[in-house]
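With PDB, C-alpha atoms, pLDDT in the B column inside, this is protein.pdb:
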ATOM      1  CA  MET A 949       4.216 -25.297  13.614  1.00 54.00           C
ATOM      2  CA  SER A 950       1.343 -24.342  11.316  1.00 61.00           C
ATOM      3  CA  ARG A 951      -0.612 -21.266  12.381  1.00 75.00           C
ATOM      4  CA  SER A 952      -3.968 -20.011  11.145  1.00 88.00           C
ATOM      5  CA  MET A 953      -3.871 -16.588   9.487  1.00 97.00           C
ATOM      6  CA  ASP A 954      -6.817 -14.424   8.496  1.00 97.00           C
ATOM      7  CA  LEU A 955      -6.193 -11.361   6.346  1.00 98.00           C
ATOM      8  CA  TYR A 956      -8.899  -8.720   6.395  1.00 96.00           C
ATOM      9  CA  TYR A 957      -8.358  -6.513   3.358  1.00 96.00           C
ATOM     10  CA  ASN A 958      -9.850  -4.455   0.572  1.00 94.00           C
ATOM     11  CA  ILE A 959      -8.298  -4.537  -2.887  1.00 94.00           C
ATOM     12  CA  LEU A 960      -8.727  -0.745  -3.206  1.00 92.00           C
ATOM     13  CA  SER A 961      -6.359  -0.244  -0.285  1.00 94.00           C
ATOM     14  CA  PRO A 962      -2.692   0.096  -1.398  1.00 96.00           C
ATOM     15  CA  PRO A 963      -1.438  -1.378   1.909  1.00 97.00           C
ATOM     16  CA  SER A 964      -3.760  -4.353   1.409  1.00 97.00           C
ATOM     17  CA  ARG A 965      -2.333  -4.940  -2.061  1.00 97.00           C
ATOM     18  CA  ALA A 966       1.198  -4.826  -0.680  1.00 98.00           C
ATOM     19  CA  ILE A 967       0.343  -7.671   1.728  1.00 98.00           C
ATOM     20  CA  LEU A 968      -1.320  -9.690  -1.035  1.00 98.00           C
ATOM     21  CA  LEU A 969       1.697  -9.273  -3.310  1.00 98.00           C
ATOM     22  CA  LEU A 970       4.201 -10.283  -0.650  1.00 98.00           C
ATOM     23  CA  GLY A 971       2.004 -13.253   0.202  1.00 98.00           C
ATOM     24  CA  GLU A 972       2.047 -14.328  -3.430  1.00 97.00           C
ATOM     25  CA  ALA A 973       5.816 -13.910  -3.710  1.00 97.00           C
ATOM     26  CA  LEU A 974       6.428 -16.048  -0.622  1.00 97.00           C
ATOM     27  CA  ASN A 975       3.625 -18.561  -1.323  1.00 96.00           C
ATOM     28  CA  ILE A 976       1.906 -17.750   1.959  1.00 97.00           C
ATOM     29  CA  ARG A 977      -1.448 -19.361   2.647  1.00 95.00           C
ATOM     30  CA  MET A 978      -3.884 -16.929   4.262  1.00 97.00           C
ATOM     31  CA  ASN A 979      -7.625 -16.954   4.696  1.00 97.00           C
ATOM     32  CA  LEU A 980      -8.609 -13.855   2.710  1.00 97.00           C
ATOM     33  CA  ILE A 981     -11.582 -11.880   4.037  1.00 96.00           C
ATOM     34  CA  SER A 982     -12.567  -8.961   1.824  1.00 94.00           C
ATOM     35  CA  LEU A 983     -14.316  -6.076   3.584  1.00 92.00           C
ATOM     36  CA  ASP A 984     -16.905  -4.278   1.476  1.00 82.00           C
ATOM     37  CA  VAL A 985     -16.986  -0.468   1.600  1.00 70.00           C
ATOM     38  CA  HIS A 986     -20.649  -0.170   0.645  1.00 67.00           C
ATOM     39  CA  ARG A 987     -21.741  -2.691   3.282  1.00 73.00           C
ATOM     40  CA  LYS A 988     -19.661  -0.684   5.796  1.00 73.00           C
ATOM     41  CA  ASP A 989     -17.870  -3.843   6.895  1.00 77.00           C
ATOM     42  CA  TYR A 990     -15.138  -1.655   8.388  1.00 74.00           C
ATOM     43  CA  VAL A 991     -17.350  -0.365  11.148  1.00 78.00           C
ATOM     44  CA  ASN A 992     -19.325  -3.463  12.048  1.00 86.00           C
ATOM     45  CA  VAL A 993     -19.136  -4.543  15.666  1.00 89.00           C
ATOM     46  CA  GLU A 994     -17.376  -7.840  15.040  1.00 91.00           C
ATOM     47  CA  PHE A 995     -14.530  -6.313  13.062  1.00 92.00           C
ATOM     48  CA  LYS A 996     -14.061  -3.493  15.590  1.00 92.00           C
ATOM     49  CA  LYS A 997     -13.559  -6.171  18.236  1.00 94.00           C
ATOM     50  CA  ILE A 998     -10.677  -7.512  16.165  1.00 95.00           C
ATOM     51  CA  ASN A 999      -9.219  -4.113  15.292  1.00 94.00           C
ATOM     52  CA  PRO A1000     -10.551  -1.100  17.236  1.00 94.00           C
ATOM     53  CA  GLN A1001      -9.025   1.155  14.555  1.00 92.00           C
ATOM     54  CA  HIS A1002     -11.241  -0.686  12.011  1.00 91.00           C
ATOM     55  CA  THR A1003      -8.600  -0.343   9.301  1.00 92.00           C
ATOM     56  CA  VAL A1004      -7.290  -2.670   6.611  1.00 94.00           C
ATOM     57  CA  PRO A1005      -5.180  -4.604   6.192  1.00 97.00           C
ATOM     58  CA  THR A1006      -5.476  -6.502   9.453  1.00 97.00           C
ATOM     59  CA  LEU A1007      -3.743  -9.848   9.878  1.00 98.00           C
ATOM     60  CA  VAL A1008      -4.929 -12.188  12.619  1.00 98.00           C
ATOM     61  CA  VAL A1009      -2.459 -14.913  13.583  1.00 97.00           C
ATOM     62  CA  ASP A1010      -3.759 -17.480  16.057  1.00 95.00           C
ATOM     63  CA  GLY A1011      -6.175 -14.904  17.438  1.00 94.00           C
ATOM     64  CA  VAL A1012      -3.597 -12.090  17.674  1.00 96.00           C
ATOM     65  CA  ALA A1013      -4.268  -9.085  15.440  1.00 97.00           C
ATOM     66  CA  ILE A1014      -1.552  -7.113  13.643  1.00 98.00           C
ATOM     67  CA  CYS A1015      -3.160  -3.879  12.504  1.00 96.00           C
ATOM     68  CA  GLU A1016      -0.435  -1.836  10.800  1.00 96.00           C
ATOM     69  CA  PRO A1017       0.599  -2.771   7.239  1.00 97.00           C
ATOM     70  CA  GLY A1018       4.320  -2.167   7.802  1.00 98.00           C
ATOM     71  CA  ALA A1019       4.269  -4.489  10.802  1.00 98.00           C
ATOM     72  CA  ILE A1020       2.423  -7.131   8.763  1.00 98.00           C
ATOM     73  CA  LEU A1021       4.964  -6.941   5.943  1.00 98.00           C
ATOM     74  CA  CYS A1022       7.863  -7.296   8.380  1.00 98.00           C
ATOM     75  CA  TYR A1023       6.226 -10.210  10.186  1.00 98.00           C
ATOM     76  CA  LEU A1024       5.514 -12.120   6.976  1.00 98.00           C
ATOM     77  CA  ALA A1025       8.987 -11.483   5.548  1.00 98.00           C
ATOM     78  CA  GLU A1026      10.665 -12.639   8.761  1.00 96.00           C
ATOM     79  CA  ARG A1027       8.482 -15.688   9.161  1.00 96.00           C
ATOM     80  CA  PHE A1028       8.262 -16.890   5.570  1.00 97.00           C
ATOM     81  CA  GLY A1029      11.299 -15.396   3.846  1.00 96.00           C
ATOM     82  CA  PRO A1030      14.047 -17.854   2.903  1.00 93.00           C
ATOM     83  CA  PRO A1031      17.275 -17.907   4.949  1.00 91.00           C
ATOM     84  CA  GLY A1032      19.391 -14.871   4.190  1.00 91.00           C
ATOM     85  CA  SER A1033      16.494 -13.110   2.460  1.00 93.00           C
ATOM     86  CA  VAL A1034      17.049  -9.426   1.721  1.00 96.00           C
ATOM     87  CA  LEU A1035      13.322  -8.680   1.731  1.00 97.00           C
ATOM     88  CA  TYR A1036      13.713  -7.655   5.368  1.00 98.00           C
ATOM     89  CA  PRO A1037      17.445  -7.784   6.110  1.00 97.00           C
ATOM     90  CA  SER A1038      18.739  -8.927   9.465  1.00 95.00           C
ATOM     91  CA  GLU A1039      21.715  -6.525   9.548  1.00 96.00           C
ATOM     92  CA  PRO A1040      20.640  -3.633  11.845  1.00 97.00           C
ATOM     93  CA  LEU A1041      21.594  -0.695   9.622  1.00 97.00           C
ATOM     94  CA  ARG A1042      20.094  -2.149   6.459  1.00 97.00           C
ATOM     95  CA  ARG A1043      16.957  -3.058   8.384  1.00 97.00           C
ATOM     96  CA  ALA A1044      16.752   0.488   9.748  1.00 98.00           C
ATOM     97  CA  ILE A1045      16.774   1.879   6.204  1.00 98.00           C
ATOM     98  CA  VAL A1046      13.939  -0.464   5.230  1.00 98.00           C
ATOM     99  CA  ASN A1047      12.005   0.613   8.321  1.00 98.00           C
ATOM    100  CA  GLN A1048      12.659   4.236   7.459  1.00 98.00           C
ATOM    101  CA  TRP A1049      10.990   3.882   4.053  1.00 98.00           C
ATOM    102  CA  LEU A1050       8.091   1.900   5.476  1.00 98.00           C
ATOM    103  CA  LEU A1051       7.475   4.748   7.913  1.00 98.00           C
ATOM    104  CA  PHE A1052       7.900   7.334   5.154  1.00 98.00           C
ATOM    105  CA  GLU A1053       5.260   5.562   3.084  1.00 98.00           C
ATOM    106  CA  CYS A1054       2.587   5.523   5.796  1.00 97.00           C
ATOM    107  CA  GLY A1055       3.499   8.714   7.661  1.00 97.00           C
ATOM    108  CA  THR A1056       4.340  11.012   4.763  1.00 98.00           C
ATOM    109  CA  LEU A1057       3.582   9.830   1.225  1.00 98.00           C
ATOM    110  CA  TYR A1058       0.275   8.022   1.785  1.00 97.00           C
ATOM    111  CA  LYS A1059      -0.846  10.687   4.249  1.00 96.00           C
ATOM    112  CA  CYS A1060      -0.177  13.421   1.680  1.00 97.00           C
ATOM    113  CA  ILE A1061      -2.086  11.538  -1.022  1.00 96.00           C
ATOM    114  CA  ILE A1062      -5.131  11.106   1.197  1.00 94.00           C
ATOM    115  CA  ALA A1063      -5.012  14.736   2.381  1.00 94.00           C
ATOM    116  CA  TYR A1064      -4.940  16.085  -1.177  1.00 95.00           C
ATOM    117  CA  TYR A1065      -7.151  13.668  -3.075  1.00 93.00           C
ATOM    118  CA  SER A1066      -9.849  12.574  -0.625  1.00 88.00           C
ATOM    119  CA  PRO A1067     -11.739  15.892  -0.640  1.00 87.00           C
ATOM    120  CA  VAL A1068     -11.374  16.091  -4.433  1.00 79.00           C
ATOM    121  CA  VAL A1069     -12.480  12.539  -5.229  1.00 79.00           C
ATOM    122  CA  LEU A1070     -15.096  12.013  -2.519  1.00 69.00           C
ATOM    123  CA  GLU A1071     -16.493  15.509  -2.021  1.00 71.00           C
ATOM    124  CA  ARG A1072     -15.697  17.157  -5.348  1.00 72.00           C
ATOM    125  CA  ALA A1073     -14.031  19.957  -3.435  1.00 79.00           C
ATOM    126  CA  THR A1074     -11.573  22.451  -4.878  1.00 85.00           C
ATOM    127  CA  PRO A1075      -7.988  21.145  -4.621  1.00 85.00           C
ATOM    128  CA  VAL A1076      -5.880  22.834  -1.952  1.00 92.00           C
ATOM    129  CA  ASP A1077      -2.594  24.174  -3.299  1.00 94.00           C
ATOM    130  CA  ALA A1078      -0.772  23.722   0.013  1.00 96.00           C
ATOM    131  CA  ASP A1079      -1.731  20.028   0.117  1.00 96.00           C
ATOM    132  CA  ARG A1080      -0.614  19.616  -3.488  1.00 96.00           C
ATOM    133  CA  GLN A1081       2.748  21.155  -2.637  1.00 98.00           C
ATOM    134  CA  LYS A1082       3.239  18.777   0.295  1.00 98.00           C
ATOM    135  CA  LEU A1083       2.457  15.817  -1.959  1.00 98.00           C
ATOM    136  CA  GLU A1084       4.908  17.002  -4.593  1.00 98.00           C
ATOM    137  CA  GLU A1085       7.583  17.436  -1.924  1.00 98.00           C
ATOM    138  CA  ALA A1086       6.998  13.880  -0.675  1.00 98.00           C
ATOM    139  CA  VAL A1087       7.308  12.416  -4.178  1.00 98.00           C
ATOM    140  CA  ALA A1088      10.451  14.500  -4.729  1.00 98.00           C
ATOM    141  CA  ILE A1089      12.016  13.030  -1.582  1.00 98.00           C
ATOM    142  CA  LEU A1090      11.445   9.521  -2.910  1.00 98.00           C
ATOM    143  CA  ASP A1091      12.744  10.545  -6.322  1.00 98.00           C
ATOM    144  CA  GLY A1092      15.930  11.976  -4.818  1.00 98.00           C
ATOM    145  CA  SER A1093      16.699   8.751  -3.007  1.00 98.00           C
ATOM    146  CA  LEU A1094      15.999   6.630  -6.071  1.00 98.00           C
ATOM    147  CA  ARG A1095      18.546   8.590  -8.098  1.00 98.00           C
ATOM    148  CA  ARG A1096      21.172   6.888  -5.920  1.00 97.00           C
ATOM    149  CA  ASN A1097      19.515   3.497  -5.428  1.00 98.00           C
ATOM    150  CA  THR A1098      18.006   0.792  -7.604  1.00 98.00           C
ATOM    151  CA  PHE A1099      15.277   0.125  -5.054  1.00 98.00           C
ATOM    152  CA  ALA A1100      13.908   2.043  -2.076  1.00 98.00           C
ATOM    153  CA  ALA A1101      16.397   0.781   0.492  1.00 98.00           C
ATOM    154  CA  GLY A1102      19.385   0.032  -1.729  1.00 97.00           C
ATOM    155  CA  ASP A1103      20.269  -2.435  -4.470  1.00 96.00           C
ATOM    156  CA  HIS A1104      17.725  -5.117  -3.557  1.00 97.00           C
ATOM    157  CA  LEU A1105      13.955  -5.385  -3.533  1.00 98.00           C
ATOM    158  CA  THR A1106      12.625  -5.198   0.045  1.00 98.00           C
ATOM    159  CA  VAL A1107       9.281  -4.970   1.807  1.00 98.00           C
ATOM    160  CA  ALA A1108       9.657  -1.189   1.554  1.00 98.00           C
ATOM    161  CA  ASP A1109       9.281  -1.450  -2.214  1.00 98.00           C
ATOM    162  CA  TYR A1110       6.137  -3.547  -1.862  1.00 98.00           C
ATOM    163  CA  SER A1111       4.666  -0.836   0.335  1.00 98.00           C
ATOM    164  CA  LEU A1112       5.763   2.112  -1.756  1.00 98.00           C
ATOM    165  CA  VAL A1113       4.948   0.708  -5.203  1.00 98.00           C
ATOM    166  CA  CYS A1114       1.326   0.106  -4.249  1.00 97.00           C
ATOM    167  CA  THR A1115       1.023   3.648  -2.943  1.00 97.00           C
ATOM    168  CA  VAL A1116       2.640   5.077  -6.083  1.00 98.00           C
ATOM    169  CA  SER A1117       0.199   2.993  -8.140  1.00 96.00           C
ATOM    170  CA  LEU A1118      -2.557   4.987  -6.428  1.00 95.00           C
ATOM    171  CA  LEU A1119      -0.949   8.184  -7.715  1.00 96.00           C
ATOM    172  CA  VAL A1120      -0.912   6.682 -11.203  1.00 95.00           C
ATOM    173  CA  LEU A1121      -4.580   5.723 -10.891  1.00 92.00           C
ATOM    174  CA  LEU A1122      -5.424   9.263  -9.767  1.00 93.00           C
ATOM    175  CA  LYS A1123      -3.476  10.630 -12.772  1.00 93.00           C
ATOM    176  CA  PHE A1124      -0.860  12.465 -10.722  1.00 96.00           C
ATOM    177  CA  ASP A1125       1.807  13.707 -13.138  1.00 97.00           C
ATOM    178  CA  LEU A1126       5.001  11.737 -12.516  1.00 98.00           C
ATOM    179  CA  THR A1127       6.801  13.269 -15.514  1.00 98.00           C
ATOM    180  CA  PRO A1128       9.146  15.422 -13.366  1.00 98.00           C
ATOM    181  CA  TYR A1129      10.141  12.408 -11.277  1.00 98.00           C
ATOM    182  CA  GLU A1130      12.227  10.324 -13.661  1.00 98.00           C
ATOM    183  CA  SER A1131      13.768   8.114 -10.975  1.00 98.00           C
ATOM    184  CA  VAL A1132      10.370   7.283  -9.478  1.00 98.00           C
ATOM    185  CA  ARG A1133       9.062   6.375 -12.932  1.00 98.00           C
ATOM    186  CA  SER A1134      12.044   4.113 -13.670  1.00 98.00           C
ATOM    187  CA  TRP A1135      11.794   2.423 -10.267  1.00 98.00           C
ATOM    188  CA  TYR A1136       8.051   1.972 -10.671  1.00 98.00           C
ATOM    189  CA  GLU A1137       8.505   0.157 -13.977  1.00 98.00           C
ATOM    190  CA  ARG A1138      11.309  -1.914 -12.452  1.00 98.00           C
ATOM    191  CA  CYS A1139       9.098  -3.015  -9.568  1.00 98.00           C
ATOM    192  CA  LYS A1140       6.243  -3.876 -11.906  1.00 96.00           C
ATOM    193  CA  GLY A1141       8.615  -6.186 -13.739  1.00 96.00           C
ATOM    194  CA  VAL A1142       9.946  -8.074 -10.722  1.00 97.00           C
ATOM    195  CA  ILE A1143       7.027  -8.218  -8.259  1.00 98.00           C
ATOM    196  CA  THR A1144       5.025 -11.386  -8.840  1.00 95.00           C
ATOM    197  CA  GLY A1145       1.351 -10.790  -9.590  1.00 96.00           C
ATOM    198  CA  TYR A1146       1.612  -7.005  -9.690  1.00 96.00           C
ATOM    199  CA  SER A1147      -0.297  -6.449 -12.942  1.00 94.00           C
ATOM    200  CA  GLU A1148      -3.154  -8.805 -12.079  1.00 95.00           C
ATOM    201  CA  ILE A1149      -3.751  -7.457  -8.569  1.00 95.00           C
ATOM    202  CA  THR A1150      -3.434  -3.834  -9.686  1.00 94.00           C
ATOM    203  CA  GLN A1151      -5.909  -4.364 -12.521  1.00 93.00           C
ATOM    204  CA  ARG A1152      -8.402  -5.810 -10.043  1.00 92.00           C
ATOM    205  CA  ALA A1153      -8.000  -2.646  -7.983  1.00 91.00           C
ATOM    206  CA  VAL A1154      -8.457  -0.391 -11.017  1.00 88.00           C
ATOM    207  CA  THR A1155     -11.649  -2.198 -12.016  1.00 90.00           C
ATOM    208  CA  MET A1156     -13.046  -1.995  -8.484  1.00 85.00           C
ATOM    209  CA  PHE A1157     -12.114   1.692  -8.213  1.00 82.00           C
ATOM    210  CA  GLN A1158     -13.997   2.460 -11.428  1.00 80.00           C
ATOM    211  CA  ASN A1159     -17.045   0.541 -10.202  1.00 80.00           C
ATOM    212  CA  TRP A1160     -16.826   2.235  -6.816  1.00 70.00           C
ATOM    213  CA  MET A1161     -16.687   5.697  -8.391  1.00 70.00           C
ATOM    214  CA  GLU A1162     -19.750   4.881 -10.487  1.00 69.00           C
ATOM    215  CA  CYS A1163     -21.629   3.943  -7.320  1.00 67.00           C
ATOM    216  CA  GLU A1164     -20.429   7.079  -5.527  1.00 62.00           C
ATOM    217  CA  ASN A1165     -21.509   9.304  -8.407  1.00 64.00           C
ATOM    218  CA  LYS A1166     -25.013   7.898  -8.677  1.00 61.00           C
ATOM    219  CA  GLY A1167     -27.499  10.450  -7.490  1.00 51.00           C
ATOM    220  CA  LYS A1168     -24.903  13.226  -7.184  1.00 53.00           C
ATOM    221  CA  PRO A1169     -25.565  16.440  -9.131  1.00 51.00           C
TER     222      PRO A1169
END
Target encoding C-alpha cells, full file:
Amino acid sequence: MSRSMDLYYNILSPPSRAILLLGEALNIRMNLISLDVHRKDYVNVEFKKINPQHTVPTLVVDGVAICEPGAILCYLAERFGPPGSVLYPSEPLRRAIVNQWLLFECGTLYKCIIAYYSPVVLERATPVDADRQKLEEAVAILDGSLRRNTFAAGDHLTVADYSLVCTVSLLVLLKFDLTPYESVRSWYERCKGVITGYSEITQRAVTMFQNWMECENKGKP
C-alpha cells in the first residue's frame, strides 16, 4: 500500500543529508520540505505541532511523525530495502551493532562536534580545550573500530555509515584535522565512493554553509 511521506529537512544538517542519501540509494519518493534557518521555520507554530522538539530531519508517514534521524534511517531501510538487505540487517546481533553506531553518532560524536564548534562558529568564542579533547576521543573511538572493519558495523555498508559519514563530513567542512585518524580517512573516502549522490548533496551543503556564514557575519564586528 502506498503511503504519503513528508520529509522536513535542512541540507546543512548532517542527519538530514543521511536521510536524503539513503532515500536516493533506495529510490524512495518523499515530499521534501526544506526548513529555512533565517526564516526560523524550525520554531513556527505549525512545525512545532508536528514535532514538539522542532528538529530536523522529521519524517511524517500518513500523519505519524518520526523525529529522530536514526529511527528514520531504520524505518526506511526496513520498509524499502530489498529482501536480505544488509543496510539494516535482520540478524539480532548484527542489528545491535548497527544500532550501537547509530547511537554513538547522535549521542557522542555529533554531540561533541556541536559542543566544541557551535560557540566558536556562531559566537566567535575561544575554543574550550576540554571540549576539543572529548571530540578527539570520540573520533579516536571510531578510528579504532575502523582499523578492524571495512565499514562502521562490519564488512558491509549499513545505515550506520550513512549517519556517520555525514557527520564526519561536517568535521571536514569545519577543517578538523583528520590526519592522525588514518582508518577514519580511508573509510570516509570509501563511503564517498559507494554512497550514491554523496558528492552532489555534500556540495550543496558546503555552498549553503558558506552563504549562511556570510549572512551570519554581516554586521558583526
Residue IDs satisfying the PyMOL selection byres ((chain A and resi 961-966) around 8), as a PyMOL selection string: chain A and resi 957-960+967-970+1004-1005+1017+1021+1110-1111+1114-1115+1117-1118+1149-1150
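Between atom CA of A:Val1068 and atom CA of A:Trp1160 the separation is 15.1 Å.
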Explicit residues for the PyMOL selection byres ((chain A and resi 1084-1099) around 8) (as number ranges by chain): A: 1056-1057, 1060, 1080-1083, 1100-1106, 1109, 1129-1132, 1135
Atomic distance atom CA of A:Met1161 - atom CA of A:Pro1075, expressed in Å with one decimal: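 Separating atom CA of A:Met1161 from atom CA of A:Pro1075 is a distance of 18.1 Å.
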Excluding A:Val1034 and its own-chain neighbours fewer than 2 positions away, which residues fall within 10 Å of it when counting all atoms listed in the file? Please give them as an mmCIF file with C-alpha atoms, in the coordinates of the input.
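Saved as out01.cif:
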data_model
loop_
_atom_site.group_PDB
_atom_site.id
_atom_site.type_symbol
_atom_site.label_atom_id
_atom_site.label_comp_id
_atom_site.auth_asym_id
_atom_site.auth_seq_id
_atom_site.Cartn_x
_atom_site.Cartn_y
_atom_site.Cartn_z
ATOM 1 C CA ALA A 1025 8.987 -11.483 5.548
ATOM 2 C CA GLY A 1029 11.299 -15.396 3.846
ATOM 3 C CA PRO A 1030 14.047 -17.854 2.903
ATOM 4 C CA PRO A 1031 17.275 -17.907 4.949
ATOM 5 C CA GLY A 1032 19.391 -14.871 4.190
ATOM 6 C CA TYR A 1036 13.713 -7.655 5.368
ATOM 7 C CA PRO A 1037 17.445 -7.784 6.110
ATOM 8 C CA SER A 1038 18.739 -8.927 9.465
ATOM 9 C CA GLU A 1039 21.715 -6.525 9.548
ATOM 10 C CA ARG A 1042 20.094 -2.149 6.459
ATOM 11 C CA ARG A 1043 16.957 -3.058 8.384
ATOM 12 C CA ASP A 1103 20.269 -2.435 -4.470
ATOM 13 C CA HIS A 1104 17.725 -5.117 -3.557
ATOM 14 C CA LEU A 1105 13.955 -5.385 -3.533
ATOM 15 C CA THR A 1106 12.625 -5.198 0.045
ATOM 16 C CA VAL A 1107 9.281 -4.970 1.807
#
Two-atom distance - atom CA of A:Ser1066, atom CA of A:Leu1122 (Å): 10.7 Å
Result set of the PyMOL selection byres ((chain A and resi 983) around 7) on the coordinates above, as a list of chain:residue names: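 Applied to this file, the PyMOL selection byres ((chain A and resi 983) around 7) returns A:Tyr956, A:Tyr957, A:Asn958, A:Ile981, A:Ser982, A:Asp984, A:Val985, A:Asp989, A:Tyr990.
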Shell around A:Val1009 at 9 Å using only C-alpha atoms, local window under 5 positions removed, as an MDAnalysis selection string: chainID A and resid 951:955 1014
Selected residue of minimal separation from A:Val1120 among A:Val1142, A:Asn1159, A:Gly971, A:Ile1061, counting only C-alpha atoms: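 Closest residue, counting only C-alpha atoms: A:Ile1061.
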Can you sort out the box for stretch 1022-1036 of chain A, edges along x, y and z, all listed atoms in, 3 Å on every side, with centre and edge lengths in Å to one decimal, as JSON?
{"center_x": 12.5, "center_y": -12.6, "center_z": 6.0, "size_x": 19.9, "size_y": 16.6, "size_z": 14.5}
Ref. answer, residues at most 10 Å from (-7.6, 19.1, -7.7) with only C-alpha atoms, as a VMD selection string: chain A and resid 1064 to 1069 1072 to 1077 1079 to 1080 1124
Residue among A:Leu1050, A:Ile1062, A:Val991, A:Ile1020 lying closest to A:Val1008, counting all atoms listed in the file: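 Comparing A:Leu1050, A:Ile1062, A:Val991, A:Ile1020 against A:Val1008, the winner is A:Ile1020.
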Counting all atoms listed in the file, the residue of A:Ala1013, A:His1002, A:Lys996, A:Ile976 that sits nearest A:Arg1027: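 Smallest separation from A:Arg1027 among the options: A:Ile976.
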